[in-house]
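As stored in my_file_35.txt (compact mmCIF, C-alpha atoms):
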```txt
# COMPACT_ATOMS: atom_id res chain seq x y z
CA MET A 1 134.58 163.83 -65.77
CA HIS A 2 133.56 166.85 -67.79
CA PRO A 3 136.26 169.57 -67.53
CA VAL A 4 133.79 172.22 -66.31
CA ARG A 5 132.54 169.93 -63.54
CA LYS A 6 136.09 168.99 -62.68
CA GLN A 7 136.94 172.65 -62.29
CA ARG A 8 133.91 173.22 -60.05
CA LEU A 9 134.86 170.17 -57.98
CA ILE A 10 138.34 171.63 -57.47
CA ILE A 11 136.83 174.97 -56.40
CA VAL A 12 134.55 173.20 -53.91
CA LEU A 13 137.47 171.23 -52.45
CA PHE A 14 139.47 174.44 -52.28
CA VAL A 15 136.69 176.20 -50.34
CA VAL A 16 136.47 173.33 -47.85
CA VAL A 17 140.23 172.99 -47.34
CA PHE A 18 140.85 176.72 -47.16
CA SER A 19 138.09 177.42 -44.63
CA SER A 20 139.21 174.43 -42.53
CA VAL A 21 142.78 175.70 -42.42
CA ALA A 22 141.58 179.21 -41.51
CA VAL A 23 139.37 177.97 -38.68
CA GLY A 24 142.10 175.57 -37.56
CA LEU A 25 144.61 178.40 -37.26
CA VAL A 26 142.13 180.54 -35.30
CA ALA A 27 141.40 177.65 -32.93
CA TYR A 28 145.14 177.03 -32.53
CA ALA A 29 145.77 180.69 -31.72
CA LEU A 30 142.93 180.72 -29.20
CA ARG A 31 143.66 177.29 -27.76
CA GLU A 32 144.15 178.49 -24.18
CA ASN A 33 141.05 180.66 -24.27
CA ILE A 34 138.81 177.86 -25.51
CA ASN A 35 139.54 175.85 -22.36
CA LEU A 36 136.68 176.27 -19.94
CA PHE A 37 138.83 176.07 -16.81
CA TYR A 38 142.37 176.03 -15.44
CA PRO A 39 143.69 172.84 -13.83
CA PRO A 40 145.19 173.28 -10.33
CA ALA A 41 148.73 172.74 -11.69
CA LYS A 42 148.50 175.94 -13.76
CA ILE A 43 147.06 177.95 -10.88
CA VAL A 44 149.85 176.84 -8.53
CA ALA A 45 152.45 177.54 -11.23
CA GLY A 46 151.12 181.10 -11.46
CA GLU A 47 149.90 180.74 -15.03
CA ALA A 48 146.36 181.72 -14.09
CA PRO A 49 145.59 185.42 -13.48
CA VAL A 50 145.14 186.52 -9.86
CA ASP A 51 142.04 188.48 -8.75
CA LYS A 52 140.37 187.97 -12.11
CA ARG A 53 137.26 185.92 -12.73
CA ILE A 54 138.38 182.49 -13.94
CA ARG A 55 137.21 178.91 -13.68
CA ALA A 56 139.17 176.07 -12.15
CA GLY A 57 138.47 172.37 -12.50
CA GLY A 58 139.66 169.27 -10.74
CA CYS A 59 138.78 166.37 -8.51
CA VAL A 60 137.64 166.96 -4.93
CA LEU A 61 140.29 165.56 -2.61
CA PRO A 62 138.69 163.00 -0.23
CA GLY A 63 138.74 163.92 3.45
CA GLN A 64 139.39 167.60 2.81
CA VAL A 65 135.81 168.89 2.58
CA LYS A 66 135.17 171.13 5.60
CA ARG A 67 131.68 172.49 6.19
CA ALA A 68 130.92 175.24 8.70
CA GLY A 69 128.36 174.18 11.31
CA ASP A 70 126.35 177.42 11.33
CA SER A 71 126.48 178.65 7.73
CA LEU A 72 126.72 177.46 4.13
CA ASP A 73 130.46 178.12 4.06
CA VAL A 74 132.41 175.18 2.74
CA SER A 75 136.05 174.66 1.95
CA PHE A 76 137.52 171.86 -0.11
CA VAL A 77 140.65 171.02 -2.07
CA ILE A 78 140.70 170.27 -5.77
CA THR A 79 143.51 168.38 -7.42
CA ASP A 80 144.61 167.24 -10.86
CA GLY A 81 147.16 164.83 -9.45
CA ALA A 82 149.99 167.32 -9.93
CA ALA A 83 148.93 170.16 -7.63
CA ASN A 84 146.23 171.09 -5.09
CA VAL A 85 144.21 174.27 -4.75
CA THR A 86 142.00 175.14 -1.78
CA VAL A 87 138.54 176.42 -2.69
CA ASN A 88 136.27 178.50 -0.42
CA TYR A 89 132.61 178.68 -1.29
CA SER A 90 129.44 179.89 0.35
CA GLY A 91 126.21 178.47 -1.00
CA ILE A 92 124.40 175.32 -1.93
CA LEU A 93 126.50 172.64 -3.60
CA PRO A 94 125.05 170.68 -6.57
CA ASP A 95 123.60 167.25 -5.82
CA LEU A 96 126.41 165.44 -7.57
CA PHE A 97 129.13 167.17 -5.56
CA ALA A 98 131.05 164.51 -3.64
CA GLU A 99 134.54 163.61 -2.49
CA GLY A 100 136.56 162.05 -5.27
CA GLU A 101 134.32 163.58 -7.96
CA ALA A 102 135.11 166.27 -10.50
CA VAL A 103 133.96 169.88 -10.16
CA VAL A 104 134.32 173.13 -12.08
CA VAL A 105 134.36 176.23 -9.88
CA ASN A 106 133.84 179.82 -10.95
CA GLY A 107 135.53 182.63 -9.03
CA SER A 108 138.98 184.12 -8.55
CA VAL A 109 142.32 183.28 -6.99
CA ASP A 110 143.25 185.60 -4.09
CA GLY A 111 146.72 186.70 -3.07
CA ASP A 112 147.26 183.61 -0.90
CA GLY A 113 146.55 181.26 -3.80
CA VAL A 114 143.15 180.30 -2.37
CA PHE A 115 140.30 180.07 -4.86
CA GLN A 116 137.26 182.12 -3.78
CA ALA A 117 134.38 180.48 -5.65
CA THR A 118 131.06 182.11 -6.43
CA GLU A 119 129.66 179.08 -8.24
CA VAL A 120 130.34 175.34 -8.04
CA LEU A 121 129.34 173.07 -10.93
CA ALA A 122 129.53 169.28 -10.80
CA LYS A 123 131.27 167.73 -13.78
CA HIS A 124 129.68 164.48 -14.72
CA ASP A 125 131.67 161.74 -16.41
CA GLU A 126 130.72 159.61 -19.40
CA THR A 127 129.78 156.47 -17.50
CA TYR A 128 126.25 155.26 -16.85
CA THR A 129 125.77 152.43 -14.36
CA PRO A 130 122.71 150.81 -12.77
CA PRO A 131 122.64 150.95 -8.93
CA GLU A 132 123.17 147.21 -8.42
CA VAL A 133 126.28 147.21 -10.59
CA ALA A 134 127.53 150.36 -8.89
CA GLU A 135 127.07 148.77 -5.46
CA ALA A 136 129.25 145.86 -6.48
CA MET A 137 131.87 148.31 -7.74
CA GLN A 138 131.66 150.59 -4.69
CA ASN A 139 133.46 148.04 -2.54
CA THR A 140 136.53 148.45 -4.67
CA GLY A 141 136.53 152.19 -3.92
CA GLU A 142 135.99 153.18 -7.52
CA HIS A 143 135.58 156.84 -8.38
CA GLN A 144 134.29 158.48 -11.49
CA LYS A 145 136.19 158.11 -14.73
CA THR A 146 137.52 161.67 -14.82
CA CYS A 147 139.15 161.12 -11.47
CA GLU A 148 140.27 157.57 -12.18
CA GLY A 149 143.88 156.78 -11.52
CA MET A 150 144.24 159.97 -9.49
CA LYS A 151 146.75 159.67 -6.67
CA TYR A 152 145.30 161.46 -3.69
CA GLY A 153 148.42 161.16 -1.55
CA SER A 154 150.23 164.49 -1.13
CA MET B 1 126.78 151.16 -66.44
CA GLY B 2 126.98 151.88 -62.74
CA TRP B 3 126.53 155.61 -63.04
CA GLN B 4 123.05 155.41 -64.52
CA TRP B 5 121.28 155.70 -61.15
CA PHE B 6 123.26 158.86 -60.42
CA HIS B 7 122.19 160.52 -63.65
CA ARG B 8 118.60 159.43 -63.08
CA LEU B 9 118.68 161.36 -59.79
CA GLY B 10 118.94 164.44 -61.96
CA SER B 11 115.26 164.04 -62.70
CA PRO B 12 113.12 165.14 -59.74
CA ARG B 13 110.13 163.48 -61.36
CA TRP B 14 111.86 160.09 -61.47
CA PHE B 15 112.83 160.45 -57.80
CA TYR B 16 109.34 161.56 -56.79
CA GLU B 17 107.72 158.56 -58.42
CA LYS B 18 110.30 156.03 -57.16
CA SER B 19 110.37 157.29 -53.58
CA SER B 20 106.63 157.08 -52.94
CA ALA B 21 107.02 153.34 -52.42
CA TRP B 22 109.59 153.85 -49.63
CA ILE B 23 107.42 156.07 -47.42
CA PRO B 24 105.17 153.42 -45.81
CA TRP B 25 108.19 151.20 -45.02
CA LEU B 26 110.18 154.02 -43.47
CA ALA B 27 107.17 155.33 -41.56
CA VAL B 28 106.21 151.98 -40.04
CA LEU B 29 109.80 151.02 -39.18
CA SER B 30 110.83 154.36 -37.68
CA ILE B 31 107.66 154.81 -35.61
CA ALA B 32 107.82 151.22 -34.34
CA LEU B 33 111.49 151.62 -33.35
CA LEU B 34 110.84 155.04 -31.78
CA LEU B 35 108.05 153.57 -29.65
CA TRP B 36 110.07 150.48 -28.73
CA GLY B 37 113.21 152.46 -27.90
CA SER B 38 111.51 155.16 -25.86
CA VAL B 39 109.33 152.79 -23.83
CA TRP B 40 112.39 150.59 -23.17
CA GLY B 41 114.65 153.51 -22.37
CA LEU B 42 112.22 155.65 -20.36
CA ALA B 43 110.37 152.93 -18.46
CA PHE B 44 112.38 149.70 -18.36
CA ALA B 45 116.06 150.62 -18.41
CA PRO B 46 117.57 150.77 -14.90
CA THR B 47 118.20 154.10 -13.17
CA ASP B 48 121.71 155.49 -12.98
CA PHE B 49 123.25 155.07 -9.54
CA LYS B 50 124.35 158.70 -9.39
CA GLN B 51 121.90 160.65 -11.54
CA GLY B 52 118.78 158.60 -10.85
CA ASN B 53 116.16 159.08 -13.52
CA SER B 54 117.47 162.30 -15.04
CA TYR B 55 120.02 160.43 -17.16
CA ARG B 56 117.13 159.10 -19.27
CA ILE B 57 117.27 162.27 -21.32
CA ILE B 58 120.16 160.66 -23.22
CA TYR B 59 117.57 158.60 -25.08
CA ILE B 60 116.50 161.81 -26.83
CA HIS B 61 119.59 164.00 -26.45
CA VAL B 62 122.22 161.63 -27.86
CA PRO B 63 120.32 160.48 -31.01
CA ALA B 64 119.23 164.07 -31.75
CA ALA B 65 122.82 165.29 -31.43
CA PHE B 66 124.12 162.41 -33.62
CA LEU B 67 121.65 163.23 -36.36
CA SER B 68 122.24 166.97 -36.17
CA LEU B 69 125.91 166.27 -37.02
CA ALA B 70 125.29 163.53 -39.61
CA GLY B 71 122.55 165.68 -41.14
CA TYR B 72 125.03 168.48 -41.67
CA TYR B 73 127.11 166.21 -43.90
CA VAL B 74 123.94 165.34 -45.83
CA MET B 75 123.27 169.05 -46.32
CA ALA B 76 126.84 170.03 -47.23
CA ILE B 77 127.46 167.11 -49.58
CA SER B 78 124.19 167.61 -51.43
CA GLY B 79 125.09 171.30 -51.64
CA ALA B 80 128.42 170.34 -53.21
CA ILE B 81 126.69 167.99 -55.69
CA GLY B 82 124.33 170.82 -56.59
CA LEU B 83 127.28 173.14 -57.18
CA ILE B 84 129.33 170.70 -59.25
CA TRP B 85 126.73 168.76 -61.23
CA LYS B 86 123.96 171.40 -61.18
CA MET B 87 121.59 168.71 -60.00
CA LYS B 88 118.19 170.15 -59.07
CA LEU B 89 117.36 167.32 -56.70
CA ALA B 90 120.54 167.89 -54.67
CA ASP B 91 119.59 171.53 -54.08
CA MET B 92 116.17 170.47 -52.87
CA VAL B 93 117.71 167.91 -50.48
CA MET B 94 120.06 170.60 -49.14
CA LYS B 95 117.18 172.93 -48.31
CA SER B 96 115.15 170.14 -46.66
CA ALA B 97 118.14 168.93 -44.63
CA ALA B 98 118.74 172.45 -43.29
CA VAL B 99 115.30 172.67 -41.68
CA ILE B 100 115.42 169.19 -40.14
CA GLY B 101 118.99 169.71 -38.94
CA ALA B 102 118.10 173.00 -37.28
CA VAL B 103 115.24 171.34 -35.39
CA LEU B 104 117.45 168.44 -34.23
CA THR B 105 120.22 170.80 -33.09
CA PHE B 106 117.66 172.82 -31.17
CA VAL B 107 116.32 169.65 -29.52
CA SER B 108 119.79 168.55 -28.43
CA LEU B 109 120.62 172.02 -27.05
CA VAL B 110 117.37 172.22 -25.08
CA THR B 111 117.51 168.65 -23.73
CA GLY B 112 121.14 169.26 -22.78
CA ALA B 113 120.19 172.38 -20.84
CA VAL B 114 117.33 170.59 -19.08
CA TRP B 115 119.75 167.83 -18.01
CA GLY B 116 122.55 170.27 -17.16
CA LYS B 117 120.49 172.14 -14.56
CA PRO B 118 120.07 169.23 -12.11
CA THR B 119 123.37 167.53 -12.98
CA TRP B 120 125.93 170.31 -13.32
CA GLY B 121 123.97 173.02 -11.53
CA THR B 122 123.61 175.31 -14.55
CA TRP B 123 121.49 175.54 -17.68
CA TRP B 124 124.25 176.84 -19.87
CA VAL B 125 127.99 177.17 -19.87
CA TRP B 126 130.19 178.52 -22.65
CA ASP B 127 132.38 175.46 -23.03
CA ALA B 128 133.76 174.26 -26.35
CA ARG B 129 131.19 171.51 -26.96
CA ILE B 130 128.11 173.55 -26.17
CA THR B 131 129.31 176.69 -27.95
CA SER B 132 130.23 174.77 -31.11
CA MET B 133 126.77 173.17 -31.07
CA LEU B 134 125.27 176.67 -30.90
CA VAL B 135 127.41 177.63 -33.91
CA LEU B 136 126.01 174.58 -35.73
CA PHE B 137 122.49 175.81 -34.98
CA PHE B 138 123.35 179.23 -36.44
CA LEU B 139 124.89 177.60 -39.53
CA TYR B 140 121.64 175.74 -40.18
CA LEU B 141 119.67 178.96 -39.67
CA GLY B 142 122.08 180.73 -42.04
CA VAL B 143 121.43 178.21 -44.81
CA ILE B 144 117.66 178.54 -44.30
CA ALA B 145 117.93 182.35 -44.34
CA LEU B 146 120.07 182.37 -47.51
CA GLN B 147 117.54 180.16 -49.26
CA GLU B 148 114.93 182.85 -48.69
CA ALA B 149 117.21 185.82 -49.31
CA TYR B 150 117.39 185.70 -53.11
CA GLN B 151 114.75 186.11 -55.80
CA GLN B 152 116.67 183.73 -58.04
CA GLN B 153 116.52 180.14 -56.78
CA ASP B 154 119.81 179.42 -58.54
CA THR B 155 121.68 182.17 -56.69
CA ALA B 156 120.15 181.09 -53.41
CA ASN B 157 121.30 177.51 -53.94
CA LYS B 158 124.84 178.59 -54.72
CA ALA B 159 125.11 180.92 -51.73
CA SER B 160 123.71 178.44 -49.23
CA ALA B 161 125.80 175.57 -50.60
CA ILE B 162 128.96 177.61 -50.10
CA LEU B 163 127.93 178.51 -46.53
CA ALA B 164 127.19 174.84 -45.84
CA LEU B 165 130.61 173.80 -47.18
CA VAL B 166 132.50 176.46 -45.23
CA GLY B 167 130.65 175.45 -42.06
CA MET B 168 131.59 171.79 -42.48
CA VAL B 169 134.82 172.39 -40.53
CA ASN B 170 132.65 172.81 -37.43
CA ILE B 171 131.57 169.14 -37.41
CA PRO B 172 134.96 167.58 -36.50
CA ILE B 173 135.41 170.42 -34.00
CA ILE B 174 132.15 169.44 -32.28
CA TYR B 175 133.15 165.78 -32.24
CA LYS B 176 136.63 166.38 -30.83
CA SER B 177 135.94 169.44 -28.64
CA VAL B 178 135.61 167.33 -25.50
CA ASP B 179 139.02 165.75 -26.12
CA TRP B 180 140.92 168.81 -27.31
CA TRP B 181 139.93 171.24 -24.57
CA TYR B 182 138.86 171.24 -20.94
CA THR B 183 135.08 171.29 -21.06
CA LEU B 184 132.23 170.77 -18.64
CA HIS B 185 130.57 168.41 -21.10
CA GLN B 186 131.73 164.81 -20.64
CA PRO B 187 133.60 162.94 -23.41
CA ALA B 188 131.84 160.44 -25.66
CA THR B 189 130.18 157.47 -23.96
CA ILE B 190 129.69 155.29 -27.04
CA LYS B 191 133.09 154.48 -28.45
CA PHE B 192 133.85 152.62 -31.61
CA THR B 193 137.46 151.77 -30.83
CA SER B 194 137.12 150.65 -27.22
CA GLU B 195 134.44 149.49 -24.80
CA SER B 196 131.58 151.91 -24.23
CA THR B 197 131.32 153.28 -20.69
CA ILE B 198 127.64 152.55 -20.34
CA HIS B 199 126.09 149.41 -18.93
CA PRO B 200 124.61 147.15 -21.68
CA SER B 201 121.14 147.33 -20.07
CA MET B 202 121.19 151.10 -20.75
CA LEU B 203 123.12 150.94 -24.02
CA TYR B 204 120.76 148.69 -26.00
CA PRO B 205 117.70 150.95 -25.76
CA LEU B 206 119.98 153.86 -26.70
CA LEU B 207 121.15 152.02 -29.83
CA VAL B 208 117.51 151.31 -30.74
CA MET B 209 116.78 155.02 -30.39
CA VAL B 210 119.79 155.95 -32.54
CA ILE B 211 118.64 153.63 -35.35
CA ALA B 212 115.07 154.90 -34.94
CA PHE B 213 116.28 158.50 -35.26
CA TYR B 214 118.27 157.66 -38.39
CA LEU B 215 115.18 156.11 -39.99
CA PHE B 216 112.99 158.97 -38.83
CA TYR B 217 115.51 161.42 -40.27
CA ALA B 218 115.38 159.61 -43.61
CA LEU B 219 111.59 159.72 -43.54
CA ALA B 220 111.44 163.43 -42.65
CA LEU B 221 114.04 164.28 -45.30
CA LEU B 222 112.15 162.29 -47.91
CA LEU B 223 108.81 163.93 -47.11
CA ARG B 224 110.25 167.44 -47.09
CA THR B 225 112.19 166.84 -50.30
CA ARG B 226 109.07 165.51 -52.02
CA SER B 227 107.07 168.59 -51.10
CA GLU B 228 109.99 170.75 -52.25
CA ILE B 229 109.99 168.88 -55.59
CA LEU B 230 106.29 169.60 -56.07
CA TYR B 231 106.75 173.25 -55.14
CA ARG B 232 109.71 173.94 -57.42
CA GLU B 233 108.30 171.89 -60.30
CA ARG B 234 104.80 173.30 -59.90
CA LYS B 235 104.83 174.80 -63.41
CA THR B 236 105.74 171.52 -65.14
CA ARG B 237 103.11 169.42 -66.78
CA TRP B 238 103.66 166.26 -64.69
CA VAL B 239 103.00 168.10 -61.41
CA GLN B 240 99.91 169.79 -62.83
CA GLU B 241 98.63 166.45 -64.06
CA LEU B 242 99.29 165.03 -60.61
CA ALA B 243 97.30 167.88 -59.06
CA GLU B 244 94.42 167.36 -61.52
CA ALA B 245 94.36 163.65 -60.73
CA GLY B 246 94.37 164.48 -57.02
CA LYS B 247 91.39 166.82 -57.44
CA GLY B 248 89.45 164.18 -59.34
CA SER B 249 89.82 161.53 -56.68
CA HIS B 250 88.57 163.72 -53.84
```

Is it possible to express this structure as structure tokens?
Amino acid sequence: MHPVRKQRLIIVLFVVVFSSVAVGLVAYALRENINLFYPPAKIVAGEAPVDKRIRAGGCVLPGQVKRAGDSLDVSFVITDGAANVTVNYSGILPDLFAEGEAVVVNGSVDGDGVFQATEVLAKHDETYTPPEVAEAMQNTGEHQKTCEGMKYGS
Amino acid sequence: MGWQWFHRLGSPRWFYEKSSAWIPWLAVLSIALLLWGSVWGLAFAPTDFKQGNSYRIIYIHVPAAFLSLAGYYVMAISGAIGLIWKMKLADMVMKSAAVIGAVLTFVSLVTGAVWGKPTWGTWWVWDARITSMLVLFFLYLGVIALQEAYQQQDTANKASAILALVGMVNIPIIYKSVDWWYTLHQPATIKFTSESTIHPSMLYPLLVMVIAFYLFYALALLLRTRSEILYRERKTRWVQELAEAGKGSH
């Protein structure tokens, strides 16, 4: 290769490597802040700020969804397998909200460690299944991929 | 031997004349596959048991997102070739790829938002995947803006090639964002190392659409590059002769 071109090639490689390292270091320094939500384990361990707007994410514990009869108030428990957090919410839940499915909630943790949510988002997983196939799978009590292998016992 | 084709690419005229034969093939193939894939995906593929019909947006969203990432490599690598070998054609490809990439990124952001509203319950969320896609959109816009920002075409090429190369780090971040951080966006469905988590009856039309988008991308890039060749070479004799011949036949 011509020496001038070789030199330019080295400069180009240098630009790519150098900018990648710089961005990599920034992403590493901000790694906690890039996460969209806190898992219940971190909230229970006290690593999440109290009374500040944060997001929490986890799987809805089956059998723990309690709806008020006369209002839109709902309370449910989210889990990541390691810890559970109770969530209170008042409003309309997204269509894909269901027991054993993943959610991301927006709100704050109060002094009692209960999450007061102002917004509930359903987290969809990466699987796509036709209804007939899903019906066959349903009998085995399968839940969505994110919540797969989750132990719901205390 | 071997390198001759690469040096020939240095001549925009040679490329212009060679590539005119590829257009009908690419056009027929990509439009046929686009029609086949979208009719199959939108009308004949089964519904998803949880999302119903709304999942069908993947037949546009996923291929558009794939190509917006692959297209960035096309843009950055041709920018690098332009910097190192001073190849005119590479600079023209870079500029054309920026416009097409920006459109594809916009399409995947908008289709994602349209799907997110009924599925997640929100149009937009600042998670790692979606934010890094927005950064990709701005990088494309930055390259387009830099192309127009200089009087000297040479300076413009250099500046936008460097921006394209610096921004290349964003592509692996977009790919891996769903694995590295907690995001609302789901991880990849189509996997190359293990079984894909999509039923084959839904996967095959998606693969047709992905191939169709690749071909359509090649076609769009070729057409834009050809018009860029004519514009930048407008003062040369071969383009003026081409224009004269065009006038005569009409």

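If you look at CA of Pro187 in chain B and CA of Val60 in chain A, they are 19.3 Å away from each other.
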
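Distances from B:Leu34, B:Ile174, B:Leu222, B:Lys247 to Lys18 in chain B were compared using all atoms listed in the file, and the smallest one belongs to B:Leu222.
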
How close does each residue of chain B get to chain A, giving the shortest atom pair and distance in Å to one decimal for every residue with an atom at most 6 Å away, counting all atoms listed in the file, sorted by chain and residue number, as a tab-separated table?
```
residue	atom	partner	partner_atom	distance
B:Pro46	CA	A:Pro130	CA	5.6
B:Thr47	CA	A:Pro130	CA	5.6
B:Asp48	CA	A:Pro130	CA	4.8
B:Phe49	CA	A:Pro131	CA	4.2
B:Ile84	CA	A:Arg8	CA	5.3
B:Trp120	CA	A:Ala122	CA	4.5
B:Gly121	CA	A:Leu121	CA	5.4
B:Asp127	CA	A:Leu36	CA	5.4
B:Leu165	CA	A:Val16	CA	5.9
B:Val166	CA	A:Val16	CA	5.7
B:Val169	CA	A:Ser20	CA	5.2
B:Trp181	CA	A:Asn35	CA	5.1
B:Tyr182	CA	A:Asn35	CA	4.9
B:Thr183	CA	A:Leu36	CA	5.3
B:Leu184	CA	A:Lys123	CA	5.8
B:Gln186	CA	A:Asp125	CA	5.2
B:Pro187	CA	A:Glu126	CA	6.0
B:Thr189	CA	A:Glu126	CA	5.1
B:Thr197	CA	A:Thr127	CA	4.8
B:Ile198	CA	A:Tyr128	CA	4.6
B:His199	CA	A:Thr129	CA	5.5
```

Taking every listed atom of range 34-38 of chain B and adding 8 Å to each side, what centre and edge lengths in Å (one decimal) does the axis-aligned box have, as AutoDock Vina command-line options?
```
--center_x 110.6 --center_y 152.8 --center_z -28.8 --size_x 21.2 --size_y 20.7 --size_z 21.9
```

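Between Pro40 in chain A and the candidates A:Val65, A:Met1, A:Ala98, A:Val105, the tightest atom-to-atom separation, counting all atoms listed in the file, involves A:Val105.
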
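Non-sequential neighbours of Pro24 in chain B (distance at most 10 Å, separation of 5 or more positions within a chain, all atoms listed in the file) are Leu29, Ser30 and Leu219 of chain B.
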
Report as a ChimeraX atom specification all protein, DNA and RNA residues lying within 9 Å of Leu35 in chain B, evaluated on all atoms listed in the file, omitting residues in the same chain fewer than 5 positions from it. /B:30,40,209,212

Can those selected residues be exported to a file as a PDB file, keeping the file's coordinate frame so that it contains C-alpha atoms?
```
ATOM      1  CA  SER B  30     110.830 154.360 -37.680  1.00  0.00           C
ATOM      2  CA  TRP B  40     112.390 150.590 -23.170  1.00  0.00           C
ATOM      3  CA  MET B 209     116.780 155.020 -30.390  1.00  0.00           C
ATOM      4  CA  ALA B 212     115.070 154.900 -34.940  1.00  0.00           C
TER       5      ALA B 212
END
```

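Proximity to Val178 in chain B was assessed for B:Arg129, B:Leu207, B:Trp238, B:Trp124 counting all atoms listed in the file; the smallest distance is recorded for B:Arg129.
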
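With distances restricted to all atoms listed in the file, A:Val109 is the closest residue to Lys42 in chain A from A:Ala68, A:Leu30, A:Val109, A:Leu61.
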
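By chain and then residue number, the residues within 9 Å of Asn157 in chain B are Gly79, Gly82, Leu83, Asp91, Met92, Met94, Lys95, Leu146, Gln147, Gln152, Gln153, Ala161 and Ile162 of chain B, counting all atoms listed in the file and disregarding those fewer than 4 positions away in sequence.
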
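The space separating CA of Asp179 in chain B from CA of Thr131 in chain B comes to 14.7 Å.
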
Excluding same-chain residues fewer than 3 positions from Ser20 in chain B, what lies within 12 Å of it counting only C-alpha atoms, as an NGL selection string? :B and (13-17 or 23-27 or 219 or 222-223 or 225-227)

Residues around (121.5, 165.9, -58.1), cut-off 8 Å, counting all atoms listed in the file - what are they as a count of residues only? 15

Between CA of Ser196 in chain B and CA of Leu136 in chain B, what distance in Å does the model show, to one decimal? 26.0 Å
